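Asker: One structure is given below, represented as structure tokens, and several questions about it will come after.
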Amino acid sequence: MIPFLVRRLIGAVPVLFGVAVATFFLVRLSGDPTDMILPPTTPEDVRLEFRARYGLDRPLWEQFFFWLGHLLRGDFGDSIRFGQPAGELVWERAGATLELALATLVIALAVGVPAGVAAARARGTVGDAILRVMTLLGQAVPSFYLGVVGIAVFAIWLRWLPSGGRDGIENLVLPATTLAVYFFAIVARVTRSCMLDVLNQDYIRTARAKGLPESAVVWVHALRNALLPVITVVGLQTGFLLGGVVVTETVFSWPGVGRLAIQAIYARDFPVVQAVVVIFAACFVAVNLIVDVLYALLDPRIRLR
Amino acid sequence: MTTCPTRSLLSRVLRRWTARLSLLVLTLGVLCAAAPDLIAPLDPYEQDLFKRLLPPRWSEGGDPMHLFGTDHLGRDLLSRIVHGARITLSVAIFAVLGAGLVGITAGLAAGYFGGLFDSLAMRLADVQLAFPVVLLVIVVAAVVGPSTLNLVVILALSGWPRFARIVRGSVLTVRELDYVEAGRAAGSGHLKLILLHILPNVASPIIVYASFELARMILLEATMSFLGLGVQPPTPTWGGMINDGRGYLHLSLTVSLLPGAAIALTILACNLLGDDLRDALDPRMDVDMR
């Protein structure tokens with residue numbers, strides 16, 4: 001286990017380095033942020049001082065190595081807009097984003113797995129067909145659209161839920177639910193097809209033959225084996241979840257990292273954009289590593305190499 | 001007796017009602033995109049401030065001139081949805097073609113030649129897949145500026161790695177098969193082997209994946225327009241229309257509701273068609289391409 005973890009962590013280094021390099025140069029394509037930040041009437045000497053302060057007057061390669069050196073020490077540079085360290089800005093908002101992402105995953109798994117199991121057991125019935133329609137729709141309707149409709153119905157008409165912000169648990173309901181619909185659809189679809197595969201296996205017949213109650217056969221013996229692909233798919237969808245978080249946070253004014261990123265992009269706040277992209281990529285790599293480890297824990301046949 | 005493989009595939013796919021319905025929806029969308037002026041009843045840009053936020057024709061207070069009602073500037077919603085198909089579908093179709101061209105070429109070369117190019121291309125794909133796609137697309141769009149062409153290029157570049165992986169994986173199995181070996185023995189060069197012997201035999205997963213990818217590109221285009229980073233107003237886009245309607249939800253739901261329904265219907269059609277294509281081509285193909 002330990003050598004596997006070490007090897008995977010070392011393997012992640014070039015990927016993250018590539019992400020850092022790509023991010024730096026991508027963000028610089030847009031040109032000098034001086035004109036975006038300072039009003040056009042700013043005197044020339046203030047302008048020069050600003051450029052010197054953020055290193056914008058130096059050659060690009062020098063800026064890059066300066067940035068990389070600091071990045072390796074966990075320093076993402078100061079936000080041009082807030083004057084605060086970019087890493088700190090992201091960190092302050094990470095809790096809100098994590099809360100939204102976890103709530104989304106919990107809803108999607110808590111509803112999607114039982115729904116997929118039930119559909120597999122009731123294959124070919126009306127209930128199975130209804131779930132198929134729901135998963136198809138869940139994958140077709142954009143989450144931001146669900147968010148807009150959700151605000152209209154639950155915040156404006158019924159006045160049951162707030163339309164945005166983050167003051168309490170009631171603020172989490174709409175954003176997490178609208179974002180969870182897509183993941184629910186994926187989880188339910190994959191759970192159903194894997195359960196169908198597993199329920200035909202010999203060991204399930206053995207479990208039934210030795211007189212286990214059907215609920216134990218389905219929920220313990222079958223589900224444990226059917227969950228493996230579900231976990232992989234959820235892991236693979238992390239990138240999509242992070243992207244969905246960015247859009248959903250914007251729709252619901254959720255004070256998280258995604259909204260910070262969008263605002264930073266509009267304001268040409270380079271250090272913050274770079275920090276968000278690198279940190280998101282690191283999360284993605286980390287989640288996939290965790291998925292691999294979970295895989296081995298759930299299925300002892302898989303040897304980590 | 002010889003049968004045309006394309007025709008037999010088409011007839012097998014069309015046996016399913018979901019495929020027929022999906023093709024009908026997509027054909028309608030393509031017709032709207034190709035000739036919006038012939039289909040849309042009114043000018044999508046013409047404002048009438050006396051007729052703002054009219055409800056659909058069938059509800060109380062509806063105007064017989066405006067079947068789906070009007071938006072916050074009094075523009076005809078139906079006409080804007082028809083014209084919106086042009087941007088959404090053309091951006092998505094060209095993005096899939098671009099992503100396919102780059103990804104299939106890279107995948108064929110990586111799988112066929114292996115070696116250094118293979119390692120480099122796949123590492124590049126890994127790096128790119130480590131970016132959250134939406135964030136990547138947003139960053140690039142904000143950096144290079146919003147325009148139709150930029151959007152197509154960005155989406156195409158965001159889509160190539162998956163095409164490349166799928167094609168490379170298939171090529172690795174196909175290139176060891178006897179008929180490829182026979183082709184090589186008969187003196188075919190690399191290009192001829194790749195194009196005539198390998199490409200046709202890795203086409204099935206490409207076709208299936210492309211239809212799911214089309215759905216994803218439509219979703220991405222809608223997201224970008226919704227965020228204001230896609231094609232700019234007053235050009236009608238479905239995502240942009242949902243955003244327009246956001247400020248008027250307390251007065252009218254239709255302004256946001258209808259373009260969203262158009263997006264959902266189109267994506268649904270692509271996904272259903274992808275499912276049916278997969279079942280017709282090879283039911284054992286990897287289930288989770290979408």
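Labels used: A, B, ... for chains in the order of the structure tokens, numbers from 1 for residues in each chain, and numbers from 1 for ligands as shown.
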Could you produce a table of the residues of chain A lying within 9 Å of chain B, with the nearest pair of atoms per residue and their separation in Å rounded to one decimal, using only C-alpha atoms, ordered by chain and increasing residue number, as a tab-separated table?

Answerer:
```
residue	atom	partner	partner_atom	distance
A:Pro14	CA	B:Val127	CA	8.4
A:Val15	CA	B:Val127	CA	5.1
A:Leu16	CA	B:Val127	CA	7.3
A:Phe17	CA	B:Val127	CA	8.7
A:Gly18	CA	B:Val127	CA	6.0
A:Val19	CA	B:Val127	CA	6.0
A:Ala22	CA	B:Val127	CA	9.0
A:Thr23	CA	B:Leu136	CA	8.9
A:Leu26	CA	B:Val140	CA	6.9
A:Val27	CA	B:Val143	CA	6.5
A:Arg28	CA	B:Val143	CA	8.0
A:Leu29	CA	B:Val143	CA	6.2
A:Ser30	CA	B:Val143	CA	4.6
A:Gly31	CA	B:Val143	CA	8.3
A:Leu136	CA	B:Leu268	CA	6.7
A:Leu137	CA	B:Leu268	CA	6.8
A:Gln139	CA	B:Leu268	CA	7.7
A:Ala140	CA	B:Ala264	CA	4.9
A:Val141	CA	B:Ala264	CA	4.7
A:Pro142	CA	B:Leu219	CA	6.6
A:Phe144	CA	B:Thr223	CA	7.7
A:Tyr145	CA	B:Gly260	CA	6.2
A:Leu146	CA	B:Gly260	CA	8.8
A:Val148	CA	B:Arg246	CA	6.7
A:Val149	CA	B:Leu257	CA	7.2
A:Ile151	CA	B:Leu249	CA	8.3
A:Ala152	CA	B:Leu249	CA	5.7
A:Ile156	CA	B:His250	CA	6.2
A:Trp157	CA	B:His250	CA	7.5
A:Val190	CA	B:Asp288	CA	8.2
A:Val233	CA	B:Asp288	CA	8.1
A:Thr238	CA	B:Pro132	CA	8.1
A:Gly239	CA	B:Pro132	CA	4.5
A:Phe240	CA	B:Pro132	CA	6.4
A:Leu241	CA	B:Pro132	CA	8.3
A:Leu242	CA	B:Pro132	CA	6.3
A:Gly243	CA	B:Val134	CA	4.8
A:Gly244	CA	B:Val134	CA	7.6
A:Val246	CA	B:Leu135	CA	7.4
A:Val247	CA	B:Thr223	CA	7.8
A:Thr250	CA	B:Leu227	CA	8.5
A:Gly258	CA	B:Leu135	CA	8.6
A:Ala261	CA	B:Leu135	CA	8.5
A:Ile262	CA	B:Ile138	CA	8.0
A:Ile265	CA	B:Ala142	CA	6.5
A:Tyr266	CA	B:Ala142	CA	7.0
A:Arg268	CA	B:Val143	CA	8.5
A:Val273	CA	B:Val139	CA	8.0
A:Val277	CA	B:Phe131	CA	7.2
A:Val278	CA	B:Phe131	CA	8.3
A:Phe280	CA	B:Pro132	CA	7.2
A:Ala281	CA	B:Phe131	CA	5.3
A:Ala282	CA	B:Ala130	CA	8.0
A:Phe284	CA	B:Ala130	CA	6.3
A:Val285	CA	B:Ala130	CA	6.7
```

Asker: For segment 160-174 of chain B, please output as number ranges by chain all residues within 6 Å (counting only C-alpha atoms; exclusion window: fewer than 4 positions along the same chain).

Answerer: B: 99, 102-104, 106-108, 111, 125, 202

Asker: Mind pulling up the distance from atom CA of Tyr295 of chain A to atom CA of Thr97 of chain A?

Answerer: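 Interatomic distance, atom CA of Thr97 of chain A to atom CA of Tyr295 of chain A: 25.6 Å.
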
Asker: Out of B:Leu101, B:Met217, B:Phe117, B:Ser204, which residue has the shortest atom-to-atom distance to Ile154 of chain B when counting only C-alpha atoms?

Answerer: B:Met217

Asker: Applying 12 Å and only C-alpha atoms, which residues near segment 122-127 of chain A remain after dropping the ones on its own chain fewer than 6 positions away? List them as a PyMOL selection string.

Answerer: chain A and resi 115-116+133-134+192-193+195-196+199

Asker: Could you take the residues named above and write them with N, CA and C atoms, as a PDB file, in the first residue's frame?

Answerer:
```
ATOM      1  N   ALA A 115     -31.963   3.957  -5.629  1.00  0.00           N
ATOM      2  CA  ALA A 115     -32.811   3.982  -6.822  1.00  0.00           C
ATOM      3  C   ALA A 115     -32.292   2.996  -7.861  1.00  0.00           C
ATOM      4  N   GLY A 116     -30.967   2.964  -8.041  1.00  0.00           N
ATOM      5  CA  GLY A 116     -30.384   2.049  -9.016  1.00  0.00           C
ATOM      6  C   GLY A 116     -30.588   0.598  -8.608  1.00  0.00           C
ATOM      7  N   VAL A 133     -36.189   7.177 -17.541  1.00  0.00           N
ATOM      8  CA  VAL A 133     -36.560   8.513 -18.016  1.00  0.00           C
ATOM      9  C   VAL A 133     -35.918   9.575 -17.128  1.00  0.00           C
ATOM     10  N   MET A 134     -35.955   9.331 -15.796  1.00  0.00           N
ATOM     11  CA  MET A 134     -35.392  10.330 -14.881  1.00  0.00           C
ATOM     12  C   MET A 134     -33.885  10.495 -15.081  1.00  0.00           C
ATOM     13  N   ARG A 192     -27.532   0.671 -11.398  1.00  0.00           N
ATOM     14  CA  ARG A 192     -28.483  -0.271 -11.985  1.00  0.00           C
ATOM     15  C   ARG A 192     -27.772  -1.287 -12.876  1.00  0.00           C
ATOM     16  N   SER A 193     -26.915  -0.790 -13.786  1.00  0.00           N
ATOM     17  CA  SER A 193     -26.318  -1.736 -14.730  1.00  0.00           C
ATOM     18  C   SER A 193     -25.342  -2.669 -14.018  1.00  0.00           C
ATOM     19  N   MET A 195     -25.542  -3.636 -10.810  1.00  0.00           N
ATOM     20  CA  MET A 195     -26.332  -4.581 -10.016  1.00  0.00           C
ATOM     21  C   MET A 195     -26.860  -5.700 -10.905  1.00  0.00           C
ATOM     22  N   LEU A 196     -27.294  -5.359 -12.104  1.00  0.00           N
ATOM     23  CA  LEU A 196     -27.807  -6.383 -13.022  1.00  0.00           C
ATOM     24  C   LEU A 196     -26.724  -7.408 -13.322  1.00  0.00           C
ATOM     25  N   LEU A 199     -26.036  -9.475  -9.958  1.00  0.00           N
ATOM     26  CA  LEU A 199     -27.117 -10.357  -9.510  1.00  0.00           C
ATOM     27  C   LEU A 199     -27.145 -11.679 -10.287  1.00  0.00           C
TER      28      LEU A 199
END
```

Asker: Among the residues of segment 30-250 of chain A, find those DSSP assigns to helix (DSSP H, G or I) from the backbone and print them as a count of residues only.

Answerer: 168

Asker: At what distance in Å, to one decimal, does atom CA of Gly235 of chain A lie from atom CA of Ile2 of chain A?

Answerer: 20.9 Å

Asker: Using only C-alpha atoms for the distances, tell me which of B:Leu151, B:Leu14, B:Val231, B:Leu277 is nearest to Ala92 of chain B.

Answerer: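 For Ala92 of chain B, the nearest of the candidates is B:Leu151.
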
Asker: Env of segment 193-198 of chain B: 9 Å cut, atoms = only C-alpha atoms, seq-sep filter 3 positions within chain, self excluded. Answer as number ranges by chain.

Answerer: B: 108-109, 112, 171, 174-175, 179-180, 183-184, 188-190, 201-203

Asker: Could you list, as a list of chain:residue names, every residue within 12 Å of Leu48 of chain A, counting only C-alpha atoms and ignoring same-chain residues fewer than 6 positions away?

Answerer: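 Returned residues: A:Thr34, A:Asp35, A:Leu38, A:Thr42, A:Tyr54, A:Gly55, A:Leu56, A:Asp57, A:Arg58.
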
Asker: If you measure from atom CA of Asp279 of chain B to atom CA of Arg16 of chain B, what distance in Å do you get, rounded to one decimal?

Answerer: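 That distance, rounded to one decimal, is 10.3 Å.
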
Asker: I'd like the neighbourhood of Leu98 of chain A as an NGL selection string, where a residue qualifies if any of its atoms comes within 12 Å (using only C-alpha atoms), though same-chain residues fewer than 2 positions away should be ignored.

Answerer: :A and (90-96 or 100-106 or 172 or 176 or 241-242 or 245-246 or 249 or 254-258 or 280 or 283)

Asker: Keeping only C-alpha atoms, take the residues you just selected and write them out as a CSV table (one decimal), in the first residue's frame.

Answerer:
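Resulting contents of again33.csv:
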```csv
chain,number,residue,atom,x,y,z
A,90,VAL,CA,-9.0,30.5,-1.7
A,91,TRP,CA,-8.6,28.9,1.7
A,92,GLU,CA,-11.2,31.2,3.3
A,93,ARG,CA,-13.7,30.1,0.7
A,94,ALA,CA,-12.7,26.5,0.5
A,95,GLY,CA,-15.1,25.5,3.3
A,96,ALA,CA,-18.1,26.8,1.5
A,100,LEU,CA,-21.6,22.4,-1.4
A,101,ALA,CA,-19.6,19.6,-3.2
A,102,LEU,CA,-20.0,17.2,-0.3
A,103,ALA,CA,-23.7,17.9,0.1
A,104,THR,CA,-24.1,17.3,-3.6
A,105,LEU,CA,-22.3,14.0,-3.5
A,106,VAL,CA,-24.2,12.9,-0.4
A,172,LEU,CA,-27.6,24.9,0.9
A,176,ALA,CA,-26.9,21.2,-3.6
A,241,LEU,CA,-18.3,18.4,-10.1
A,242,LEU,CA,-15.7,21.1,-9.7
A,245,VAL,CA,-19.6,24.0,-8.5
A,246,VAL,CA,-18.2,27.1,-10.3
A,249,GLU,CA,-22.0,29.1,-7.0
A,254,TRP,CA,-22.6,31.1,-2.9
A,255,PRO,CA,-19.4,32.5,-1.4
A,256,GLY,CA,-17.1,29.8,-2.5
A,257,VAL,CA,-14.0,29.2,-4.5
A,258,GLY,CA,-15.8,29.0,-7.9
A,280,PHE,CA,-8.6,22.4,-8.3
A,283,CYS,CA,-8.0,18.2,-5.7
```
